[in-house]
Amino acid sequence: MLLLLYNLASMNTMMDYPLTLAPVLERAGMLFPNGQIISRLPDRSFHRYTYREFRERARRLAESLTAAGLQCGERVATLMWNHYAHFEAYFGVPIAGGILHPLNLRLHPNEVSYIANHAQDRFLIVDDVLLPVLEKFKAQTNFERIFVVRHCSDRVPEGFEDYEEWISKATGDFQYPDLRETDGASMCFTSGTTGNPKGVVYSHRSIILHSLAGTMADSMGVSQRDTILVGSSMFHANAWGLPYTAALVGAKLVFPGPNLDAESLLNLMEDEHVTVAGAVPTIWLPITEMLASQKGRWKREHTLRIMCGGTAPPEALIRTLDEHKLHIIHAWGMTETSPAATMSVLRPHMDDWPEEQRYAMRARQGWPLPFVDLRIMTPHGEAPHDGQTPGELEVRGPWVAGSYFNAPETRDRWTKDGWFRTGDVASMEPDGCIKLVDRSKDLIKSGGEWISSVDLENALMSHPAVREAGVIAMPHPKWQERPLAVVVLRDGQQASAEELRTFLGQKFAKWQLPDDFAFVKELPHTSIGKLSKVELRKQFANWDWQTPQHR
Ligand code: AMP
């Protein structure tokens, strides 16, 4: 089954054992046969099975794909919510030698069809409830066969095949192909805001190493004692690697399906005794509101660790969640970095620090995981590690992309000496901790000086009346650009522009303060729940400093 090669040429005596998903699946089935995998399905019912059944079904899927003619390196797309069948594809496709390609179900149909065509997806596995989404772009794509996972329907429509029927025909005697650790295993596209979306192909090796990092006590510390709620989309950077990390150690898995509202998640966390959860800050915001409005409804004996990234969780959110024994571990990363690259887990000598300082540290993006190298580059070379000097963050490591899929024109995203240019602007402390200042394209350039939109947003969101805030650069006749703050107030709360200005004035120099405040009912978000600055800029494209329209 597994390829063992003795590495004689390089003068060591250790086995060259390929790091692939095959032994992870086998081990999960053998060592944790009773480990639970629980899914909340689209009809809100529960599906429960064990790692033993999971291994059996993932192998059946692999056998069925091989019988369907899937060749090594070919792509199999999914259009699915977070649940057991998607998890089966996470393993079943790569162990058959294929590359799993989860499609982002929230993108515009033109964008999904572009992505599916660019990836040359051969087969598709789709949830029945997402067939209407598929219908919008199917005509523009070339899936050879489409398999439907039925949740709410009795049969599959004409022209589609039934996933259950298909995998039930497998003999159950799957023979692993010779997998190399450098083979592609899964792929995700960046939520790129300029140009076409770009594909990143993760290898077996990069997934395994990233998963191992997730089990380190100084990162998420995931172990077999944990119950993991996969709240980040399975189409976004492998759901931050959490399903793979869970399988590696046999942790109980909880998939919420499309039921991502605050009440459903709080119930799931309590009923299934969740100890680790991953989700973007926009998921946690309504959760804090519900916890505040229905005090005492949800009980938690132990602290739950939250892997939170994608955008910076405001310090105020970290504090509020702590009051409910929900402990944010702030992580930074990108689709290109698998995604976890840094984590803000405080160091022992910080235990005695004042609370203020500890929260300030936790709101930073933190320290790189082992094997992740970071540097901050300015036009004059590498920035000093002084916690002050901003520059573009560059990264390299075994789970960092070395190129995009079939996109030679993007070669300049990598430096000649092999670092990936992230497009994020950051500073680095002497101890290696990084703080993101902004995306380079979101920085505001006022009279030649830079203003961080992220810092202003975070400060605004610590005001008790502010639910969410976005700060964007607006062209200005005198200063080139000036900050405009777009604010959503909490229900029933009031705050005037003047009041917010005075509030920010306690922390920022006068020239850094937004010139104006627009109050809106909601802010635009991307398909994975991040504040969409692109959309916000479009909405305020006709902003006139003289005659504010949105007050
Ligand atoms: P994506 O590839 O869609 O996950 O987007 C990656 C980008 O999200 C990064 O380049 C950052 O700009 C942003 N991002 C991710 N994590 C964080 C974080 N913890 N704080 C601030 N920005 C973040």
# chains A, B, ... in the order shown; residues from 1 in each chain; ligands from 1

$ residues_near_ligand --ligand "ligand 1" --cutoff "6 Å" --atoms "only C-alpha atoms and all ligand atoms" --output "NGL selection string"
:A and (190-191 or 309-312 or 330-335 or 365 or 422 or 424 or 439)

$ select_by_dssp --residues "region 482-524 of chain A" --states "helix (DSSP H, G or I)" --output "PDB file with C-alpha atoms, in the first residue's frame"
ATOM      1  CA  ALA A 497     -20.489  61.547  14.262  1.00  0.00           C
ATOM      2  CA  GLU A 498     -19.119  64.078  16.763  1.00  0.00           C
ATOM      3  CA  GLU A 499     -19.287  61.591  19.608  1.00  0.00           C
ATOM      4  CA  LEU A 500     -17.443  58.917  17.602  1.00  0.00           C
ATOM      5  CA  ARG A 501     -14.847  61.455  16.557  1.00  0.00           C
ATOM      6  CA  THR A 502     -14.182  62.446  20.172  1.00  0.00           C
ATOM      7  CA  PHE A 503     -14.044  58.771  21.132  1.00  0.00           C
ATOM      8  CA  LEU A 504     -11.428  58.019  18.463  1.00  0.00           C
ATOM      9  CA  GLY A 505      -9.554  61.194  19.436  1.00  0.00           C
ATOM     10  CA  LYS A 510      -6.170  64.463  14.789  1.00  0.00           C
ATOM     11  CA  TRP A 511      -4.979  63.998  11.200  1.00  0.00           C
ATOM     12  CA  GLN A 512      -5.733  60.276  11.414  1.00  0.00           C
TER      13      GLN A 512
END

$ residues_around --residues "Gly402 (chain A)" --least-positions-apart "3" --cutoff "12 Å" --atoms "only C-alpha atoms" --output "number ranges by chain"
A: 199-203, 206, 336-338, 395-399, 405, 407-408, 410-421

$ closest_residue --among "A:Ala67, A:Val488, A:Ile318, A:Val149" --to "Leu41 (chain A)" --atoms "only C-alpha atoms"
A:Val149

$ residues_around --residues "Glu88 (chain A)" --least-positions-apart "4" --cutoff "8 Å" --atoms "only C-alpha atoms" --output "list in words"
Phe54, Arg57, Ala58, Leu61, Tyr84 and Gly92 of chain A

$ write_last_selection --atoms "N, CA, C and O atoms" --output "PDB file, in the first residue's frame"
ATOM      1  N   PHE A  54     -16.851   6.179   8.479  1.00  0.00           N
ATOM      2  CA  PHE A  54     -16.304   7.223   7.612  1.00  0.00           C
ATOM      3  C   PHE A  54     -15.188   6.662   6.720  1.00  0.00           C
ATOM      4  O   PHE A  54     -15.163   6.882   5.504  1.00  0.00           O
ATOM      5  N   ARG A  57     -16.612   4.504   3.992  1.00  0.00           N
ATOM      6  CA  ARG A  57     -17.300   5.237   2.920  1.00  0.00           C
ATOM      7  C   ARG A  57     -16.321   6.077   2.092  1.00  0.00           C
ATOM      8  O   ARG A  57     -16.498   6.206   0.879  1.00  0.00           O
ATOM      9  N   ALA A  58     -15.301   6.639   2.725  1.00  0.00           N
ATOM     10  CA  ALA A  58     -14.312   7.413   1.960  1.00  0.00           C
ATOM     11  C   ALA A  58     -13.596   6.484   0.984  1.00  0.00           C
ATOM     12  O   ALA A  58     -13.321   6.852  -0.168  1.00  0.00           O
ATOM     13  N   LEU A  61     -15.870   5.766  -1.900  1.00  0.00           N
ATOM     14  CA  LEU A  61     -15.870   6.886  -2.845  1.00  0.00           C
ATOM     15  C   LEU A  61     -14.624   6.808  -3.729  1.00  0.00           C
ATOM     16  O   LEU A  61     -14.707   6.967  -4.959  1.00  0.00           O
ATOM     17  N   TYR A  84     -20.929  15.475   6.554  1.00  0.00           N
ATOM     18  CA  TYR A  84     -20.172  14.215   6.460  1.00  0.00           C
ATOM     19  C   TYR A  84     -19.779  13.856   5.026  1.00  0.00           C
ATOM     20  O   TYR A  84     -18.670  13.362   4.791  1.00  0.00           O
ATOM     21  N   GLY A  92     -11.705  10.861   0.229  1.00  0.00           N
ATOM     22  CA  GLY A  92     -11.956   9.911  -0.859  1.00  0.00           C
ATOM     23  C   GLY A  92     -11.326  10.347  -2.170  1.00  0.00           C
ATOM     24  O   GLY A  92     -10.775   9.523  -2.914  1.00  0.00           O
TER      25      GLY A  92
END

$ atom_distance --atom1 "CA of Glu272 (chain A)" --atom2 "CA of Ala363 (chain A)"
28.5 Å

$ decode --residues "region 469-502 of chain A" --atoms "N, CA and C atoms" --output "PDB file, in the first residue's frame"
ATOM      1  N   ALA A 469     -17.934  48.396  11.756  1.00  0.00           N
ATOM      2  CA  ALA A 469     -17.471  49.610  11.086  1.00  0.00           C
ATOM      3  C   ALA A 469     -16.516  49.260   9.966  1.00  0.00           C
ATOM      4  N   GLY A 470     -16.571  50.034   8.896  1.00  0.00           N
ATOM      5  CA  GLY A 470     -15.619  49.884   7.801  1.00  0.00           C
ATOM      6  C   GLY A 470     -15.066  51.257   7.470  1.00  0.00           C
ATOM      7  N   VAL A 471     -13.750  51.344   7.308  1.00  0.00           N
ATOM      8  CA  VAL A 471     -13.151  52.654   6.992  1.00  0.00           C
ATOM      9  C   VAL A 471     -12.480  52.554   5.623  1.00  0.00           C
ATOM     10  N   ILE A 472     -12.823  53.486   4.754  1.00  0.00           N
ATOM     11  CA  ILE A 472     -12.261  53.440   3.393  1.00  0.00           C
ATOM     12  C   ILE A 472     -11.636  54.793   3.025  1.00  0.00           C
ATOM     13  N   ALA A 473     -10.716  54.703   2.062  1.00  0.00           N
ATOM     14  CA  ALA A 473     -10.078  55.929   1.575  1.00  0.00           C
ATOM     15  C   ALA A 473     -10.983  56.578   0.533  1.00  0.00           C
ATOM     16  N   MET A 474     -11.188  57.872   0.675  1.00  0.00           N
ATOM     17  CA  MET A 474     -11.958  58.613  -0.324  1.00  0.00           C
ATOM     18  C   MET A 474     -11.051  59.666  -0.954  1.00  0.00           C
ATOM     19  N   PRO A 475     -11.130  59.814  -2.273  1.00  0.00           N
ATOM     20  CA  PRO A 475     -10.297  60.852  -2.893  1.00  0.00           C
ATOM     21  C   PRO A 475     -10.599  62.212  -2.271  1.00  0.00           C
ATOM     22  N   HIS A 476      -9.540  62.991  -2.072  1.00  0.00           N
ATOM     23  CA  HIS A 476      -9.730  64.295  -1.426  1.00  0.00           C
ATOM     24  C   HIS A 476      -8.945  65.338  -2.217  1.00  0.00           C
ATOM     25  N   PRO A 477      -9.558  66.504  -2.489  1.00  0.00           N
ATOM     26  CA  PRO A 477      -8.889  67.496  -3.341  1.00  0.00           C
ATOM     27  C   PRO A 477      -7.561  67.975  -2.764  1.00  0.00           C
ATOM     28  N   LYS A 478      -7.424  68.041  -1.457  1.00  0.00           N
ATOM     29  CA  LYS A 478      -6.190  68.583  -0.890  1.00  0.00           C
ATOM     30  C   LYS A 478      -5.214  67.490  -0.434  1.00  0.00           C
ATOM     31  N   TRP A 479      -5.742  66.448   0.203  1.00  0.00           N
ATOM     32  CA  TRP A 479      -4.878  65.465   0.871  1.00  0.00           C
ATOM     33  C   TRP A 479      -4.715  64.169   0.079  1.00  0.00           C
ATOM     34  N   GLN A 480      -5.123  64.118  -1.143  1.00  0.00           N
ATOM     35  CA  GLN A 480      -5.161  62.899  -1.984  1.00  0.00           C
ATOM     36  C   GLN A 480      -6.257  61.931  -1.515  1.00  0.00           C
ATOM     37  N   GLU A 481      -6.131  61.443  -0.277  1.00  0.00           N
ATOM     38  CA  GLU A 481      -7.155  60.551   0.273  1.00  0.00           C
ATOM     39  C   GLU A 481      -7.406  60.929   1.730  1.00  0.00           C
ATOM     40  N   ARG A 482      -8.650  60.757   2.142  1.00  0.00           N
ATOM     41  CA  ARG A 482      -8.971  60.929   3.566  1.00  0.00           C
ATOM     42  C   ARG A 482      -9.901  59.788   3.986  1.00  0.00           C
ATOM     43  N   PRO A 483      -9.843  59.407   5.283  1.00  0.00           N
ATOM     44  CA  PRO A 483     -10.691  58.293   5.724  1.00  0.00           C
ATOM     45  C   PRO A 483     -12.168  58.672   5.902  1.00  0.00           C
ATOM     46  N   LEU A 484     -13.019  57.783   5.399  1.00  0.00           N
ATOM     47  CA  LEU A 484     -14.458  57.895   5.649  1.00  0.00           C
ATOM     48  C   LEU A 484     -14.849  56.663   6.460  1.00  0.00           C
ATOM     49  N   ALA A 485     -15.534  56.866   7.578  1.00  0.00           N
ATOM     50  CA  ALA A 485     -15.966  55.726   8.402  1.00  0.00           C
ATOM     51  C   ALA A 485     -17.426  55.410   8.116  1.00  0.00           C
ATOM     52  N   VAL A 486     -17.702  54.169   7.789  1.00  0.00           N
ATOM     53  CA  VAL A 486     -19.085  53.745   7.554  1.00  0.00           C
ATOM     54  C   VAL A 486     -19.459  52.846   8.737  1.00  0.00           C
ATOM     55  N   VAL A 487     -20.531  53.221   9.418  1.00  0.00           N
ATOM     56  CA  VAL A 487     -20.802  52.629  10.731  1.00  0.00           C
ATOM     57  C   VAL A 487     -22.201  52.014  10.787  1.00  0.00           C
ATOM     58  N   VAL A 488     -22.275  50.814  11.389  1.00  0.00           N
ATOM     59  CA  VAL A 488     -23.577  50.212  11.702  1.00  0.00           C
ATOM     60  C   VAL A 488     -23.734  50.289  13.218  1.00  0.00           C
ATOM     61  N   LEU A 489     -24.808  50.927  13.683  1.00  0.00           N
ATOM     62  CA  LEU A 489     -25.020  51.035  15.133  1.00  0.00           C
ATOM     63  C   LEU A 489     -25.768  49.806  15.636  1.00  0.00           C
ATOM     64  N   ARG A 490     -25.582  49.488  16.911  1.00  0.00           N
ATOM     65  CA  ARG A 490     -26.335  48.382  17.509  1.00  0.00           C
ATOM     66  C   ARG A 490     -27.807  48.764  17.607  1.00  0.00           C
ATOM     67  N   ASP A 491     -28.683  47.768  17.570  1.00  0.00           N
ATOM     68  CA  ASP A 491     -30.120  48.033  17.661  1.00  0.00           C
ATOM     69  C   ASP A 491     -30.429  48.879  18.897  1.00  0.00           C
ATOM     70  N   GLY A 492     -31.173  49.944  18.697  1.00  0.00           N
ATOM     71  CA  GLY A 492     -31.615  50.778  19.812  1.00  0.00           C
ATOM     72  C   GLY A 492     -30.550  51.704  20.368  1.00  0.00           C
ATOM     73  N   GLN A 493     -29.368  51.734  19.773  1.00  0.00           N
ATOM     74  CA  GLN A 493     -28.288  52.593  20.293  1.00  0.00           C
ATOM     75  C   GLN A 493     -28.091  53.819  19.402  1.00  0.00           C
ATOM     76  N   GLN A 494     -27.605  54.860  19.998  1.00  0.00           N
ATOM     77  CA  GLN A 494     -27.352  56.107  19.269  1.00  0.00           C
ATOM     78  C   GLN A 494     -25.902  56.534  19.466  1.00  0.00           C
ATOM     79  N   ALA A 495     -25.327  57.138  18.448  1.00  0.00           N
ATOM     80  CA  ALA A 495     -24.015  57.790  18.599  1.00  0.00           C
ATOM     81  C   ALA A 495     -23.877  58.746  17.420  1.00  0.00           C
ATOM     82  N   SER A 496     -23.529  59.971  17.709  1.00  0.00           N
ATOM     83  CA  SER A 496     -23.390  60.937  16.615  1.00  0.00           C
ATOM     84  C   SER A 496     -21.971  60.878  16.061  1.00  0.00           C
ATOM     85  N   ALA A 497     -21.818  61.488  14.874  1.00  0.00           N
ATOM     86  CA  ALA A 497     -20.489  61.547  14.262  1.00  0.00           C
ATOM     87  C   ALA A 497     -19.512  62.243  15.217  1.00  0.00           C
ATOM     88  N   GLU A 498     -19.980  63.317  15.860  1.00  0.00           N
ATOM     89  CA  GLU A 498     -19.119  64.078  16.763  1.00  0.00           C
ATOM     90  C   GLU A 498     -18.649  63.235  17.931  1.00  0.00           C
ATOM     91  N   GLU A 499     -19.616  62.440  18.455  1.00  0.00           N
ATOM     92  CA  GLU A 499     -19.287  61.591  19.608  1.00  0.00           C
ATOM     93  C   GLU A 499     -18.226  60.547  19.214  1.00  0.00           C
ATOM     94  N   LEU A 500     -18.400  59.936  18.044  1.00  0.00           N
ATOM     95  CA  LEU A 500     -17.443  58.917  17.602  1.00  0.00           C
ATOM     96  C   LEU A 500     -16.067  59.531  17.346  1.00  0.00           C
ATOM     97  N   ARG A 501     -16.088  60.735  16.828  1.00  0.00           N
ATOM     98  CA  ARG A 501     -14.847  61.455  16.557  1.00  0.00           C
ATOM     99  C   ARG A 501     -14.084  61.709  17.861  1.00  0.00           C
ATOM    100  N   THR A 502     -14.805  62.174  18.872  1.00  0.00           N
ATOM    101  CA  THR A 502     -14.182  62.446  20.172  1.00  0.00           C
ATOM    102  C   THR A 502     -13.649  61.138  20.764  1.00  0.00           C
TER     103      THR A 502
END
